[in-house]
$ cat model-v6.txt   # compact mmCIF, C-alpha atoms
# COMPACT_ATOMS: atom_id res chain seq x y z
CA MET A 94 2.59 -10.24 -11.13
CA THR A 95 -0.16 -7.77 -10.33
CA ALA A 96 -0.70 -4.28 -11.56
CA ASP A 97 -0.80 -2.34 -8.31
CA SER A 98 2.52 -0.82 -7.40
CA VAL A 99 3.46 -0.47 -3.76
CA SER A 100 6.45 1.69 -3.01
CA PRO A 101 8.84 0.33 -0.36
CA LEU A 102 8.94 2.04 3.00
CA PRO A 103 11.55 4.70 3.69
CA ARG A 104 14.78 3.54 5.22
CA SER A 105 14.52 2.72 8.91
CA SER A 106 18.28 2.45 9.38
CA ALA A 107 21.48 3.36 7.60
CA PRO A 108 21.41 1.62 4.20
CA ARG A 109 24.14 -0.69 3.05
CA GLU A 110 26.24 0.78 0.27
CA ALA A 111 25.58 -1.01 -3.00
CA PRO A 112 28.57 -2.61 -4.78
CA ALA A 113 29.93 -0.62 -7.69
CA ALA A 114 28.73 -3.25 -10.17
CA VAL A 115 25.17 -2.96 -8.87
CA THR A 116 25.32 0.83 -9.00
CA ALA A 117 26.46 0.68 -12.62
CA MET A 118 23.70 -1.82 -13.44
CA VAL A 119 21.03 0.44 -11.97
CA ARG A 120 22.42 3.45 -13.84
CA LEU A 121 22.01 1.59 -17.12
CA ILE A 122 18.47 0.63 -16.18
CA ARG A 123 17.45 4.15 -15.21
CA ASP A 124 19.02 5.74 -18.28
CA SER A 125 17.35 3.30 -20.65
CA TRP A 126 14.01 3.63 -18.89
CA ALA A 127 14.13 7.42 -19.18
CA LYS A 128 14.29 6.94 -22.96
CA SER A 129 11.46 4.38 -22.90
CA GLU A 130 8.97 6.00 -20.54
CA PRO A 131 7.39 8.37 -23.10
CA TYR A 132 6.23 5.22 -24.93
CA ILE A 133 4.71 3.48 -21.91
CA ALA A 134 1.37 2.89 -23.67
CA GLU A 135 3.00 1.13 -26.64
CA ILE A 136 5.42 -0.78 -24.40
CA SER A 137 2.56 -1.97 -22.18
CA GLN A 138 0.51 -3.17 -25.15
CA PHE A 139 3.49 -5.10 -26.51
CA PHE A 140 4.25 -6.48 -23.04
CA TYR A 141 0.79 -7.92 -22.44
CA GLY A 142 0.62 -9.39 -25.93
CA MET A 143 3.96 -11.12 -25.40
CA LEU A 144 3.09 -12.27 -21.87
CA PHE A 145 -0.22 -13.83 -22.85
CA THR A 146 1.49 -15.59 -25.76
CA LEU A 147 4.28 -17.01 -23.60
CA ALA A 148 2.02 -17.91 -20.64
CA PRO A 149 -1.68 -17.89 -21.64
CA THR A 150 -2.83 -18.77 -18.11
CA THR A 151 -1.60 -15.38 -16.85
CA ARG A 152 -4.56 -13.76 -18.63
CA ASP A 153 -6.70 -15.01 -15.74
CA PHE A 154 -4.70 -12.86 -13.31
CA PHE A 155 -6.05 -9.67 -14.84
CA PRO A 156 -9.50 -8.06 -15.20
CA ILE A 157 -11.54 -8.68 -18.33
CA ASN A 158 -11.21 -5.02 -19.32
CA MET A 159 -7.47 -4.67 -19.84
CA GLU A 160 -7.88 -0.95 -20.47
CA ILE A 161 -8.06 -0.58 -16.69
CA GLN A 162 -4.53 -1.92 -16.46
CA ARG A 163 -2.88 0.62 -18.75
CA GLY A 164 0.79 0.84 -17.78
CA ARG A 165 0.47 -0.16 -14.13
CA LEU A 166 2.28 -3.48 -14.23
CA VAL A 167 5.13 -2.28 -16.42
CA ARG A 168 5.67 0.75 -14.16
CA ALA A 169 5.60 -1.48 -11.09
CA LEU A 170 8.18 -3.84 -12.57
CA VAL A 171 10.45 -0.97 -13.54
CA HIS A 172 10.12 0.55 -10.08
CA ILE A 173 11.23 -2.75 -8.56
CA VAL A 174 14.27 -3.33 -10.76
CA GLN A 175 15.40 0.28 -10.24
CA MET A 176 15.62 -0.41 -6.50
CA VAL A 177 18.07 -3.32 -6.55
CA ASP A 178 20.80 -1.00 -5.25
CA ARG A 179 18.73 -0.43 -2.08
CA PRO A 180 18.48 -3.95 -0.62
CA ASP A 181 17.46 -2.81 2.87
CA ASP A 182 14.38 -1.18 1.38
CA LEU A 183 13.67 -3.66 -1.38
CA ALA A 184 14.09 -7.04 0.30
CA PRO A 185 11.18 -6.80 2.80
CA PHE A 186 8.96 -5.33 0.10
CA LEU A 187 9.72 -8.14 -2.37
CA GLN A 188 9.19 -10.78 0.29
CA GLN A 189 5.73 -9.42 1.05
CA LEU A 190 4.95 -9.08 -2.65
CA GLY A 191 6.00 -12.67 -3.31
CA ARG A 192 3.73 -13.96 -0.57
CA ASP A 193 0.89 -11.79 -1.87
CA HIS A 194 1.16 -13.20 -5.39
CA ARG A 195 0.42 -16.71 -4.17
CA LYS A 196 -3.26 -15.76 -4.29
CA PHE A 197 -3.09 -15.87 -8.12
CA GLY A 198 -1.44 -19.26 -8.32
CA VAL A 199 1.79 -17.72 -9.62
CA VAL A 200 4.51 -20.31 -10.25
CA PRO A 201 8.17 -19.92 -11.34
CA ARG A 202 7.43 -20.18 -15.07
CA HIS A 203 5.18 -17.13 -14.76
CA TYR A 204 8.08 -15.04 -13.44
CA GLU A 205 10.19 -16.20 -16.37
CA ALA A 206 7.46 -15.20 -18.82
CA VAL A 207 7.04 -11.78 -17.20
CA GLY A 208 10.78 -11.10 -17.37
CA THR A 209 11.01 -12.22 -21.00
CA ALA A 210 8.01 -10.09 -21.99
CA LEU A 211 9.37 -7.02 -20.18
CA LEU A 212 12.78 -7.22 -21.82
CA ALA A 213 11.28 -7.91 -25.25
CA SER A 214 8.99 -4.88 -24.91
CA LEU A 215 11.84 -2.57 -24.01
CA LYS A 216 14.08 -3.95 -26.73
CA ASN A 217 11.33 -3.46 -29.30
CA HIS A 218 11.05 0.25 -28.49
CA LEU A 219 14.66 1.12 -27.67
CA GLY A 220 16.13 -0.22 -30.90
CA ARG A 221 19.84 0.62 -31.11
CA GLU A 222 19.81 1.89 -27.53
CA TRP A 223 19.20 -1.70 -26.38
CA THR A 224 22.82 -2.75 -26.12
CA PRO A 225 24.08 -6.07 -24.72
CA GLU A 226 25.12 -4.20 -21.56
CA VAL A 227 21.63 -2.72 -21.10
CA GLU A 228 20.00 -6.11 -21.69
CA ARG A 229 22.30 -7.75 -19.16
CA ALA A 230 21.53 -5.08 -16.55
CA TRP A 231 17.75 -5.50 -16.90
CA ALA A 232 17.99 -9.29 -16.89
CA GLU A 233 20.16 -9.41 -13.78
CA ALA A 234 18.02 -6.93 -11.87
CA PHE A 235 14.80 -8.72 -12.71
CA THR A 236 16.34 -12.07 -11.76
CA ILE A 237 17.34 -10.72 -8.33
CA ALA A 238 13.83 -9.41 -7.69
CA ALA A 239 12.05 -12.52 -8.98
CA ARG A 240 14.23 -14.84 -6.91
CA ALA A 241 13.47 -12.93 -3.70
CA MET A 242 9.74 -13.10 -4.40
CA GLN A 243 9.80 -16.80 -5.24
CA ASP A 244 11.84 -17.69 -2.14
CA ALA A 245 9.40 -15.83 0.11
CA ALA A 246 6.39 -17.46 -1.57
CA ALA A 247 7.90 -20.93 -1.17
CA ALA A 248 8.58 -20.36 2.54
CA ASP A 249 5.07 -19.11 3.39
CA GLN A 250 2.96 -21.65 5.30
CA ASN A 251 -0.24 -19.56 5.33
CA PRO A 252 -3.09 -19.99 2.84
CA PRO A 253 -2.64 -18.08 -0.44
CA SER A 254 -5.85 -16.16 0.32
CA TRP A 255 -8.81 -16.12 2.67
CA GLN A 256 -12.54 -16.01 2.00
CA ALA A 257 -14.53 -13.59 4.12
CA THR A 258 -18.29 -13.04 4.32
CA VAL A 259 -19.76 -9.57 4.64
CA VAL A 260 -21.81 -9.42 7.86
CA GLU A 261 -22.49 -5.66 7.85
CA HIS A 262 -22.50 -2.87 5.29
CA ARG A 263 -23.39 0.57 6.58
CA ARG A 264 -23.24 3.90 4.76
CA LEU A 265 -21.62 6.50 7.01
CA THR A 266 -21.99 9.25 4.40
CA TRP A 267 -23.10 9.26 0.78
CA ASP A 268 -19.60 8.27 -0.38
CA LEU A 269 -18.31 6.33 2.66
CA ALA A 270 -19.18 2.88 3.96
CA LEU A 271 -18.22 0.73 6.93
CA VAL A 272 -17.92 -2.95 6.00
CA ARG A 273 -17.49 -5.76 8.51
CA LEU A 274 -16.43 -9.21 7.40
CA LEU A 275 -15.95 -12.60 9.03
CA PRO A 276 -13.15 -14.63 7.36
CA ASP A 277 -13.38 -18.39 7.06
CA GLN A 278 -10.30 -18.47 9.31
CA PRO A 279 -8.43 -15.63 11.05
CA VAL A 280 -6.14 -13.55 8.84
CA PRO A 281 -2.75 -13.21 10.59
CA TYR A 282 -2.32 -9.47 10.20
CA HIS A 283 -0.64 -7.12 12.63
CA PRO A 284 -2.27 -3.81 13.62
CA GLY A 285 -1.31 -1.22 11.02
CA GLN A 286 -1.00 -3.63 8.10
CA TYR A 287 -3.18 -3.73 5.00
CA VAL A 288 -4.52 -6.47 2.70
CA SER A 289 -5.58 -6.75 -0.92
CA VAL A 290 -9.26 -7.47 -1.49
CA GLU A 291 -11.31 -8.81 -4.38
CA VAL A 292 -15.06 -8.23 -4.32
CA PRO A 293 -17.68 -10.17 -6.32
CA GLN A 294 -18.86 -7.02 -8.11
CA ARG A 295 -15.37 -6.46 -9.60
CA PRO A 296 -13.64 -9.82 -10.17
CA ARG A 297 -9.85 -9.76 -10.69
CA LEU A 298 -9.62 -6.10 -9.67
CA TRP A 299 -7.64 -6.32 -6.43
CA ARG A 300 -7.36 -3.24 -4.26
CA TYR A 301 -5.65 -2.52 -0.92
CA LEU A 302 -7.63 -1.81 2.26
CA SER A 303 -6.49 -1.42 5.86
CA PRO A 304 -8.35 -3.11 8.72
CA ALA A 305 -9.62 -0.51 11.18
CA ASN A 306 -9.48 -2.88 14.16
CA ALA A 307 -6.85 -5.00 15.84
CA PRO A 308 -7.20 -8.78 15.35
CA ARG A 309 -10.16 -10.20 17.28
CA GLU A 310 -10.85 -13.63 18.66
CA ASP A 311 -13.57 -14.26 16.08
CA GLY A 312 -11.33 -13.00 13.25
CA GLY A 313 -13.73 -10.19 12.34
CA ILE A 314 -12.33 -7.34 10.24
CA GLU A 315 -13.73 -3.83 9.75
CA PHE A 316 -12.92 -1.72 6.70
CA HIS A 317 -13.71 1.95 6.02
CA VAL A 318 -14.10 2.56 2.28
CA ARG A 319 -14.61 5.87 0.51
CA ALA A 320 -15.81 5.93 -3.10
CA ILE A 321 -13.07 7.48 -5.25
CA ASP A 322 -13.88 9.31 -8.48
CA GLY A 323 -13.28 6.78 -11.24
CA GLY A 324 -12.63 4.06 -8.66
CA TRP A 325 -14.19 0.88 -9.97
CA VAL A 326 -13.72 -1.11 -6.77
CA SER A 327 -14.32 1.55 -4.12
CA ARG A 328 -17.54 2.73 -5.78
CA ALA A 329 -18.79 -0.84 -6.05
CA ILE A 330 -18.06 -1.48 -2.37
CA VAL A 331 -19.80 1.66 -1.17
CA SER A 332 -22.84 1.39 -3.44
CA HIS A 333 -23.41 -2.32 -4.05
CA THR A 334 -21.94 -4.45 -1.25
CA GLN A 335 -24.53 -6.49 0.63
CA PRO A 336 -24.40 -8.78 3.67
CA GLY A 337 -23.68 -12.30 2.48
CA ASP A 338 -21.23 -11.20 -0.22
CA VAL A 339 -18.03 -13.24 -0.18
CA TRP A 340 -14.74 -11.39 -0.58
CA ARG A 341 -11.24 -12.74 -1.09
CA LEU A 342 -8.45 -11.31 1.07
CA GLY A 343 -4.77 -11.50 0.23
CA PRO A 344 -1.89 -11.87 2.70
CA PRO A 345 -1.13 -8.97 5.07
CA LEU A 346 1.34 -6.36 3.84
CA GLY A 347 3.09 -3.35 5.32
CA ARG A 348 5.42 -2.62 8.23
CA MET A 349 3.78 0.34 9.96
CA THR A 350 3.72 -0.36 13.70
CA VAL A 351 4.34 0.98 17.20
CA ASP A 352 6.73 -0.66 19.63
CA ARG A 353 4.99 0.20 22.89
CA GLU A 354 7.90 -0.98 25.02
CA ARG A 355 10.64 1.01 23.25
CA SER A 356 8.92 4.09 21.88
CA ARG A 357 9.25 7.29 23.95
CA GLY A 358 6.47 9.07 22.08
CA VAL A 359 4.21 8.50 19.09
CA LEU A 360 2.87 10.99 16.55
CA MET A 361 0.14 9.78 14.21
CA VAL A 362 -1.05 11.77 11.20
CA ALA A 363 -4.19 10.55 9.43
CA GLY A 364 -6.12 11.95 6.51
CA GLY A 365 -9.66 10.70 5.81
CA THR A 366 -9.94 6.92 5.69
CA GLY A 367 -6.19 6.81 6.27
CA VAL A 368 -7.18 6.76 9.93
CA ALA A 369 -8.10 3.06 9.61
CA PRO A 370 -4.63 1.47 10.10
CA LEU A 371 -3.82 3.93 12.89
CA ARG A 372 -7.13 3.14 14.55
CA SER A 373 -6.15 -0.55 14.37
CA ILE A 374 -2.91 0.24 16.20
CA LEU A 375 -4.76 2.31 18.80
CA ASP A 376 -7.27 -0.51 19.24
CA HIS A 377 -4.35 -2.82 19.99
CA LEU A 378 -2.58 -0.39 22.35
CA ALA A 379 -5.81 0.08 24.31
CA LEU A 380 -5.39 -3.47 25.62
CA TRP A 381 -2.75 -2.06 28.00
CA GLY A 382 -3.19 0.57 30.67
CA GLU A 383 0.18 2.22 30.03
CA ASN A 384 1.55 3.19 26.62
CA PRO A 385 3.85 5.79 25.11
CA LYS A 386 2.25 9.23 24.95
CA THR A 387 0.46 9.24 21.60
CA ARG A 388 -0.97 12.19 19.68
CA LEU A 389 -3.16 11.69 16.62
CA PHE A 390 -3.70 14.56 14.17
CA TYR A 391 -6.82 13.60 12.24
CA GLY A 392 -7.68 15.84 9.30
CA GLY A 393 -9.68 16.50 6.18
CA PRO A 394 -11.04 19.31 4.04
CA SER A 395 -14.06 19.88 6.34
CA ARG A 396 -15.59 18.73 9.61
CA GLU A 397 -17.79 16.25 7.75
CA ASP A 398 -14.70 14.39 6.48
CA LEU A 399 -13.69 13.45 10.04
CA TYR A 400 -16.25 10.65 10.17
CA ASP A 401 -14.51 8.73 12.97
CA LEU A 402 -13.82 11.67 15.27
CA GLU A 403 -16.36 10.89 17.98
CA GLU A 404 -15.22 7.26 18.22
CA LEU A 405 -11.63 8.41 18.55
CA ARG A 406 -12.53 10.96 21.21
CA ALA A 407 -14.37 8.26 23.15
CA LEU A 408 -11.24 6.09 22.97
CA ALA A 409 -9.08 8.97 24.22
CA ALA A 410 -11.50 9.66 27.10
CA ILE A 411 -10.66 6.30 28.69
CA ASN A 412 -6.98 6.19 27.68
CA PRO A 413 -5.04 9.13 29.16
CA TRP A 414 -1.97 8.34 27.04
CA LEU A 415 -3.92 9.30 23.87
CA THR A 416 -4.66 12.83 22.59
CA ILE A 417 -6.79 13.53 19.51
CA THR A 418 -6.25 16.75 17.52
CA PRO A 419 -8.78 17.31 14.70
CA VAL A 420 -7.67 19.40 11.71
CA VAL A 421 -9.82 20.99 8.99
CA GLU A 422 -8.70 22.86 5.90
CA ARG A 423 -11.78 25.04 5.57
CA GLY A 424 -14.88 26.03 7.51
CA GLY A 425 -13.63 28.87 9.67
CA ASP A 426 -12.64 28.67 13.31
CA VAL A 427 -14.09 25.60 15.01
CA PRO A 428 -13.38 25.33 18.75
CA GLY A 429 -10.90 22.56 19.45
CA PHE A 430 -9.87 22.21 15.80
CA GLU A 431 -6.57 23.09 14.15
CA GLN A 432 -6.87 24.99 10.85
CA GLY A 433 -5.00 24.19 7.63
CA THR A 434 -3.61 21.09 6.03
CA LEU A 435 -2.28 18.23 8.11
CA ALA A 436 1.24 19.09 6.98
CA GLU A 437 0.81 22.64 8.24
CA ALA A 438 -0.83 21.63 11.52
CA VAL A 439 1.75 19.03 12.48
CA THR A 440 4.81 21.13 11.66
CA ARG A 441 3.57 24.05 13.76
CA TYR A 442 4.84 21.99 16.67
CA GLY A 443 8.33 21.56 15.25
CA ALA A 444 10.23 18.42 14.32
CA TRP A 445 8.79 16.05 16.95
CA PRO A 446 12.16 14.76 18.15
CA GLU A 447 12.24 11.39 19.91
CA HIS A 448 8.85 10.46 18.43
CA ASP A 449 7.92 7.60 16.18
CA ILE A 450 5.92 9.23 13.37
CA LEU A 451 3.23 7.32 11.44
CA VAL A 452 1.57 8.95 8.41
CA SER A 453 -1.46 7.48 6.66
CA GLY A 454 -3.75 8.82 3.96
CA SER A 455 -3.86 9.48 0.24
CA PRO A 456 -0.56 9.37 -1.68
CA ALA A 457 -0.73 13.16 -2.14
CA MET A 458 -1.32 13.74 1.57
CA ILE A 459 1.54 11.41 2.50
CA ARG A 460 3.94 13.15 0.10
CA ALA A 461 3.01 16.62 1.34
CA THR A 462 3.18 15.72 5.02
CA VAL A 463 6.42 13.75 4.89
CA SER A 464 8.12 16.43 2.76
CA ARG A 465 7.11 19.24 5.09
CA MET A 466 8.16 17.28 8.19
CA LEU A 467 11.59 16.65 6.71
CA VAL A 468 11.98 20.36 6.02
CA ALA A 469 10.87 21.07 9.60
CA GLY A 470 13.70 18.88 10.89
CA SER A 471 12.16 15.45 11.43
CA ALA A 472 14.54 12.63 10.58
CA LEU A 473 13.59 10.22 7.81
CA ASP A 474 14.17 7.23 10.06
CA GLN A 475 11.50 8.56 12.45
CA ILE A 476 8.78 8.33 9.80
CA GLN A 477 6.76 5.32 8.75
CA TYR A 478 4.19 5.15 5.99
CA ASP A 479 2.74 2.64 3.55
CA PRO A 480 2.21 4.48 0.27
CA PHE A 481 0.16 1.81 -1.46
CA THR A 482 -1.96 2.79 -4.43
CA ILE A 483 -5.73 3.09 -4.25
CA ASP A 484 -8.16 2.57 -7.12
$ encode --input "model-v6.txt" --output "structure tokens"
Amino acid sequence: MTADSVSPLPRSSAPREAPAAVTAMVRLIRDSWAKSEPYIAEISQFFYGMLFTLAPTTRDFFPINMEIQRGRLVRALVHIVQMVDRPDDLAPFLQQLGRDHRKFGVVPRHYEAVGTALLASLKNHLGREWTPEVERAWAEAFTIAARAMQDAAAADQNPPSWQATVVEHRRLTWDLALVRLLPDQPVPYHPGQYVSVEVPQRPRLWRYLSPANAPREDGGIEFHVRAIDGGWVSRAIVSHTQPGDVWRLGPPLGRMTVDRERSRGVLMVAGGTGVAPLRSILDHLALWGENPKTRLFYGGPSREDLYDLEELRALAAINPWLTITPVVERGGDVPGFEQGTLAEAVTRYGAWPEHDILVSGSPAMIRATVSRMLVAGSALDQIQYDPFTID
């Protein structure tokens, strides 16, 4: 089990009502976790000690410097078991996660060790609050999640991971790089999906990146990477990647997409390098002459942050179904630019009824934009986003 937590997508249809027993189980889990969360540092330390004792080979799944991990894995596990009463959201997420974990060589006994270590850690810190009913709730929820992941992993016929060679590394700005790779065999991703990557400069530190292009015949993939403050992987990619470096890529994840035959209109909202997965979708749509009317709001703090604007405008110039609206938060009036945050700019136009809405960017930008759109009247089932963590 890895440390990076990926929140499931919002509901795309009416959810099934959870049975009363499942609802009661989740209530016990959430109540007990609320009492445990203030001690996440101690719980995490106990968890890893127990895990590496029960299954020593799992130590190789994690970076040498375990301080980087902190409470990520424990929080991710808790997030998963708290969602067992939302099967429509959780099942696709767990299936993708199970396939993704094949890259580590995870086998069933590892899941058992993770579950045992998690329950032992919570029991150690909850004391008398760890009743037989609470223990049963955690055990059943974890078993449900682990079984879904294992079943998906067993059914996957693709390789556990792909090797890809860097063929180009180009600095677009001081903190932003374009990286092109050629995998040893094509990665079967769909436009809009993302993959986990491991770079030679930071072994065992997997991070999520979105291809900025639709799949190509030669399998080539382009990533746009911005160095994040304190980001071990992103800073290494921007500053130290060289042609010839060999990366590892995990299985494709995410469900953000456009159905060009059914959609009546598409709204895309991209902040910074969050434009990459939307650009991949646009790259794919450009294969056809007719598509749903699509409007992309592309924003950032200043004009310099819209590094891909000219490429997007060139794409719109030859595809009349596409409109690009740049947005800047500061810098005064710029002809042709909207002013303000992306959330403000998009909601000036109302609720965007009968549109498929795709939002991509930093977790903070996604939260702000989705929240404001819901207040403006957009329906939750209109909106798609993949709120994966970054560095």
$ residues_around --input "model-v6.txt" --residues "Val227 (chain A)" --least-positions-apart "5" --cutoff "10 Å" --atoms "all atoms listed in the file" --output "MDAnalysis selection string"
chainID A and resid 118:125 212 216 222 232
$ atom_distance --input "model-v6.txt" --atom1 "CA of Gly429 (chain A)" --atom2 "CA of Leu405 (chain A)"
14.2 Å
$ closest_residue --input "model-v6.txt" --among "A:Glu233, A:Glu447, A:Glu431, A:Asp376" --to "Gly392 (chain A)" --atoms "only C-alpha atoms"
A:Glu431
$ residues_around --input "model-v6.txt" --residues "Arg357 (chain A)" --least-positions-apart "6" --cutoff "12 Å" --atoms "all atoms listed in the file" --output "ChimeraX atom specification"
/A:351,384-387,414,445-450,475
$ atom_distance --input "model-v6.txt" --atom1 "CA of Arg221 (chain A)" --atom2 "CA of Glu130 (chain A)"
16.1 Å
$ atom_distance --input "model-v6.txt" --atom1 "CA of Val420 (chain A)" --atom2 "CA of Val359 (chain A)"
17.7 Å
$ closest_residue --input "model-v6.txt" --among "A:Asp398, A:Glu226, A:Asp479, A:Asp338" --to "Ser453 (chain A)" --atoms "all atoms listed in the file"
A:Asp479
$ axis_aligned_box --input "model-v6.txt" --around "region 299-317 of chain A" --padding-each-side "5 Å" --output "AutoDock Vina command-line options"
--center_x -9.7 --center_y -6.2 --center_z 6.1 --size_x 18.1 --size_y 26.2 --size_z 35.1
$ residues_around --input "model-v6.txt" --residues "Asn306 (chain A)" --least-positions-apart "3" --cutoff "9 Å" --atoms "all atoms listed in the file" --output "ChimeraX atom specification"
/A:284-285,303,309,313-316,369-377
$ residues_around --input "model-v6.txt" --residues "region 437-443 of chain A" --least-positions-apart "4" --cutoff "7 Å" --atoms "only C-alpha atoms" --output "number ranges by chain"
A: 431-433, 466, 469
$ closest_residue --input "model-v6.txt" --among "A:Asp181, A:Asp268, A:Asp352, A:Asp426" --to "Tyr400 (chain A)" --atoms "all atoms listed in the file"
A:Asp268
$ closest_residue --input "model-v6.txt" --among "A:Pro394, A:Pro419, A:Gly364, A:Gly191" --to "Ala248 (chain A)" --atoms "all atoms listed in the file"
A:Gly191
$ residues_around --input "model-v6.txt" --residues "region 154-157 of chain A" --least-positions-apart "2" --cutoff "7 Å" --atoms "all atoms listed in the file" --output "list in words"
Thr151, Arg152, Met159, Phe197, Pro296, Arg297 and Leu298 of chain A
$ closest_residue --input "model-v6.txt" --among "A:Leu435, A:Ala379, A:Met143, A:Leu408" --to "Ala457 (chain A)" --atoms "only C-alpha atoms"
A:Leu435
$ decode --input "model-v6.txt" --residues "region 396-420 of chain A" --atoms "C-alpha atoms" --output "CSV table (one decimal), in the first residue's frame"
chain,number,residue,atom,x,y,z
A,396,ARG,CA,0.2,36.1,-17.3
A,397,GLU,CA,3.5,34.3,-16.9
A,398,ASP,CA,1.8,31.3,-15.3
A,399,LEU,CA,-0.2,30.6,-18.4
A,400,TYR,CA,2.8,28.9,-20.1
A,401,ASP,CA,0.7,26.9,-22.6
A,402,LEU,CA,-1.6,29.7,-23.7
A,403,GLU,CA,-0.2,30.2,-27.2
A,404,GLU,CA,-0.3,26.5,-28.0
A,405,LEU,CA,-3.9,26.4,-26.8
A,406,ARG,CA,-4.8,29.4,-28.9
A,407,ALA,CA,-3.2,27.8,-31.9
A,408,LEU,CA,-5.3,24.7,-31.3
A,409,ALA,CA,-8.5,26.8,-31.1
A,410,ALA,CA,-7.6,28.7,-34.3
A,411,ILE,CA,-8.1,25.5,-36.3
A,412,ASN,CA,-10.9,24.0,-34.3
A,413,PRO,CA,-14.0,26.2,-34.3
A,414,TRP,CA,-15.7,24.1,-31.5
A,415,LEU,CA,-13.0,25.3,-29.0
A,416,THR,CA,-12.8,28.6,-27.2
A,417,ILE,CA,-9.9,29.6,-24.9
A,418,THR,CA,-10.5,32.1,-22.1
A,419,PRO,CA,-7.4,33.1,-20.1
A,420,VAL,CA,-7.8,34.2,-16.5
